[in-house]
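Each remark here refers to the structure printed beneath this line.
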Amino acid sequence: MNFKIAVKAMALLSIIFLGCGDDEKKNNTLPPPPVVSASWSENFTDVANLGRRGWIIVNNTDRPGPEAWRRGRYETTNKFTTGTDYVVGFPAYAAERSQTDFVSVDMYAGSLVANMSVWLITPITKMKNGDQFIFYTRAHTDDGTGSIKDGSNRMQVRANYQNTSADVGNNWQTVGGFTTVLVDINAALTFDGYPETWTRYVITLSGISGTINGRLAFRYYVPQGGPDGNNASLIGVDEVSFVSK
């Protein structure tokens with residue numbers, strides 16, 4: 001073989017091998033893993049299975065009744081002996097399958113006259129300053145009594161920034177690890193202090209050191225409630241979301 005031709009052939013083979021090596025390096029360079037967001041949302045279309053999704057319900061009412069946080073109430077009932085039918089409750093803020101696609105709590109979480117503390121605790125959530133907790137809530141208007149509520153309502157949103165425990169103590173006044181109050185709706189328990197139309201609340205988290213795993217909670221907190229008390233009627237919560245910034 002001509003010497004010059006042999007040299008050119010060897011150079012060409014070297015280029016091919018080098019090219020293959022470069023391709024192999026490119027193929028072995030994997031793309032970075034996708035960023036996993038801590039954001040989540042809950043629209044309460046399946047309240048019966050909230051526990052499977054990490055939600056926890058605790059009723060620390062001193063005289064607990066047959067219910068706690070439950071599927072939204074929006075139904076026709078025959079309340080009076082006169083046989084008058086009227087609507088109890090209200091439709092969901094955003095209904096996917098039914099107008100009861102929200103979560104609610106009412107006076108029947110207690111019995112007789114009860115000091116009520118009924119908790120709806122979120123799944124464990126990774127959180128930091130600047131993240132947002134967003135939800136809609138409203139109270140019950142009783143159409144059978146001239147569009148006047150049965151009693152005053154109050155709800156707190158609290159945070160456990162200490163750990164991932166759902167411990168809220170064992171009586172109606174204890175809060176366990178949920179020592180941070182994020183919002184207190186109608187703390188004075190005025191008769192018209194709780195919104196009677198779906199109202200959006202946006203809470204921006206603060207006071208957190210670094211990034212933590214914790215929990216948030218809705219607390220229906222009504223002294224002298226229950227079906228025979230002066231306070232408590234019905235409230236609902238819908239379209240809850242945690243937004244990681």
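Simple scheme: letters A, B, ... for chains in structure tokens order, numbers from 1 for residues in each chain, numbers from 1 for ligands in the order shown.
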
Contact residues around Ala48 of chain A with only C-alpha atoms at 12 Å, ignoring same-chain residues under 6 positions, as a PyMOL selection string: chain A and resi 55-57+69-72+101-103

Those of segment 52-238 of chain A in DSSP strand (DSSP E or B), formatted as a PyMOL selection string: chain A and resi 56-59+64+70-71+74-78+85-89+103-106+110+114-121+125-127+132-139+152+155-160+180-185+199-204+212-225+231+234-238

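Comparing the minimum interatomic distances between Ser111 of chain A and each of A:Thr174, A:Phe133, A:Gly226, A:Asp150, counting only C-alpha atoms, we find that A:Gly226 sits nearest.
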
Pick from A:Pro64, A:Gly151, A:Gly176, A:Gly54 nearest to Gly229 of chain A, counting only C-alpha atoms: A:Gly151

Exercise: segment 50-52 of chain A partners within 10 Å, only C-alpha atoms, chain neighbours under 5 positions left out, as a ChimeraX atom specification: /A:42,44-45,57,70,120-123

Top pick for closest residue to Leu216 of chain A, considering A:Phe191, A:Tyr136, A:Trp119, A:Tyr201 and counting only C-alpha atoms: A:Trp119

Residue contacts of Asn171 of chain A (10 Å, only C-alpha atoms) excluding same-chain residues fewer than 6 positions away, as a ChimeraX atom specification: /A:59-62,115-117

Given the selection you just returned, output its residues as a file containing C-alpha atoms, formatted as a JSON list (two decimals), in the first residue's frame.
[["chain", "number", "residue", "atom", "x", "y", "z"],
["A", 59, "ASN", "CA", -62.52, 16.29, 67.79],
["A", 60, "ASN", "CA", -61.44, 17.65, 71.18],
["A", 61, "THR", "CA", -64.87, 19.09, 72.00],
["A", 62, "ASP", "CA", -65.65, 18.62, 75.70],
["A", 115, "ASN", "CA", -67.11, 23.89, 74.09],
["A", 116, "MET", "CA", -66.00, 22.98, 70.60],
["A", 117, "SER", "CA", -62.47, 22.40, 69.27]]

Separation of atom CA of Gly193 of chain A from atom CA of Tyr220 of chain A, in Å and rounded to one decimal: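 Taking atom CA of Gly193 of chain A as the start and atom CA of Tyr220 of chain A as the end point, the length is 14.3 Å.
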
Neighbour list for Arg215 of chain A as a ChimeraX atom specification, cut-off 8 Å, only C-alpha atoms, skip fewer than 5 positions in-chain: /A:121-125,159-161,163-166

Export of the given selection (N, CA and C atoms) as a short mmCIF file (atom, residue, chain, number, x, y, z; two decimals), in the first residue's frame:
data_model
loop_
_atom_site.label_atom_id
_atom_site.label_comp_id
_atom_site.auth_asym_id
_atom_site.auth_seq_id
_atom_site.Cartn_x
_atom_site.Cartn_y
_atom_site.Cartn_z
N ILE A 121 -56.40 18.64 60.10
CA ILE A 121 -54.94 18.83 60.04
C ILE A 121 -54.42 18.36 58.68
N THR A 122 -53.59 19.17 58.06
CA THR A 122 -53.08 18.87 56.73
C THR A 122 -52.05 17.75 56.75
N PRO A 123 -51.75 17.19 55.59
CA PRO A 123 -50.61 16.27 55.50
C PRO A 123 -49.30 16.98 55.86
N ILE A 124 -48.27 16.20 56.13
CA ILE A 124 -46.94 16.76 56.37
C ILE A 124 -46.51 17.55 55.14
N THR A 125 -46.00 18.75 55.36
CA THR A 125 -45.68 19.66 54.26
C THR A 125 -44.31 20.28 54.47
N ALA A 159 -50.35 26.56 62.85
CA ALA A 159 -49.21 25.86 62.27
C ALA A 159 -48.39 25.17 63.35
N ASN A 160 -47.89 24.00 63.01
CA ASN A 160 -46.88 23.31 63.82
C ASN A 160 -45.56 23.42 63.07
N TYR A 161 -44.71 24.34 63.49
CA TYR A 161 -43.40 24.53 62.88
C TYR A 161 -42.32 23.73 63.61
N ASN A 163 -42.39 20.18 64.43
CA ASN A 163 -42.17 18.80 63.98
C ASN A 163 -43.34 18.39 63.09
N THR A 164 -43.39 17.11 62.75
CA THR A 164 -44.45 16.62 61.86
C THR A 164 -45.62 15.99 62.61
N SER A 165 -45.65 16.17 63.92
CA SER A 165 -46.70 15.56 64.74
C SER A 165 -48.05 16.23 64.49
N ALA A 166 -49.11 15.44 64.63
CA ALA A 166 -50.47 15.97 64.56
C ALA A 166 -51.06 16.11 65.96
#

Selection near Ser104 of chain A, 12 Å with only C-alpha atoms, sequence-local residues under 4 positions removed, as a PyMOL selection string: chain A and resi 44+47+57+67-74+89-92+100+108-109+118-120+136-140+155+218-220+233-238

Residues just named, written with C-alpha atoms as a PDB file, in the first residue's frame:
ATOM      1  CA  PHE A  44     -62.516  17.828  48.794  1.00  0.00           C
ATOM      2  CA  VAL A  47     -63.809  13.684  51.881  1.00  0.00           C
ATOM      3  CA  ILE A  57     -59.383  14.905  61.951  1.00  0.00           C
ATOM      4  CA  GLU A  67     -69.964  14.319  63.689  1.00  0.00           C
ATOM      5  CA  ALA A  68     -66.720  16.242  63.152  1.00  0.00           C
ATOM      6  CA  TRP A  69     -65.312  17.634  59.902  1.00  0.00           C
ATOM      7  CA  ARG A  70     -67.364  15.931  57.189  1.00  0.00           C
ATOM      8  CA  ARG A  71     -68.561  16.187  53.607  1.00  0.00           C
ATOM      9  CA  GLY A  72     -70.150  19.534  52.849  1.00  0.00           C
ATOM     10  CA  ARG A  73     -73.810  20.013  53.785  1.00  0.00           C
ATOM     11  CA  TYR A  74     -76.208  21.209  51.120  1.00  0.00           C
ATOM     12  CA  GLY A  89     -76.076  24.549  54.137  1.00  0.00           C
ATOM     13  CA  PHE A  90     -74.788  25.972  50.880  1.00  0.00           C
ATOM     14  CA  PRO A  91     -73.220  24.809  47.604  1.00  0.00           C
ATOM     15  CA  ALA A  92     -69.490  24.233  47.171  1.00  0.00           C
ATOM     16  CA  THR A 100     -71.346  19.004  48.394  1.00  0.00           C
ATOM     17  CA  TYR A 108     -73.394  18.651  65.691  1.00  0.00           C
ATOM     18  CA  ALA A 109     -69.690  18.080  66.301  1.00  0.00           C
ATOM     19  CA  VAL A 118     -62.573  20.403  66.051  1.00  0.00           C
ATOM     20  CA  TRP A 119     -59.347  20.022  64.058  1.00  0.00           C
ATOM     21  CA  LEU A 120     -58.703  19.343  60.383  1.00  0.00           C
ATOM     22  CA  TYR A 136     -61.960  29.602  50.748  1.00  0.00           C
ATOM     23  CA  THR A 137     -64.417  29.558  53.641  1.00  0.00           C
ATOM     24  CA  ARG A 138     -67.911  30.711  54.525  1.00  0.00           C
ATOM     25  CA  ALA A 139     -70.582  30.226  57.183  1.00  0.00           C
ATOM     26  CA  HIS A 140     -74.086  28.789  57.138  1.00  0.00           C
ATOM     27  CA  MET A 155     -62.155  29.248  62.928  1.00  0.00           C
ATOM     28  CA  PHE A 218     -58.020  24.345  60.561  1.00  0.00           C
ATOM     29  CA  ARG A 219     -59.540  24.539  64.040  1.00  0.00           C
ATOM     30  CA  TYR A 220     -63.268  25.131  64.551  1.00  0.00           C
ATOM     31  CA  SER A 233     -73.969  26.823  63.170  1.00  0.00           C
ATOM     32  CA  LEU A 234     -72.107  25.556  60.076  1.00  0.00           C
ATOM     33  CA  ILE A 235     -68.952  26.558  58.213  1.00  0.00           C
ATOM     34  CA  GLY A 236     -67.334  25.176  55.081  1.00  0.00           C
ATOM     35  CA  VAL A 237     -63.812  25.119  53.620  1.00  0.00           C
ATOM     36  CA  ASP A 238     -63.025  24.576  49.960  1.00  0.00           C
TER      37      ASP A 238
END

Proximity to Thr179 of chain A - best of A:Ala217, A:Val36, A:Val88, A:Ala94, only C-alpha atoms: A:Ala217

Nearest candidate to Ala38 of chain A (options A:Pro223, A:Thr199, A:Phe178, A:Asp131; using only C-alpha atoms): A:Asp131

Minimum-distance residue to Leu182 of chain A, chosen among A:Leu205, A:Val168, A:Ile134, A:Val222 (using only C-alpha atoms):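 When distances to Leu182 of chain A are compared using only C-alpha atoms, the smallest one comes from A:Leu205.
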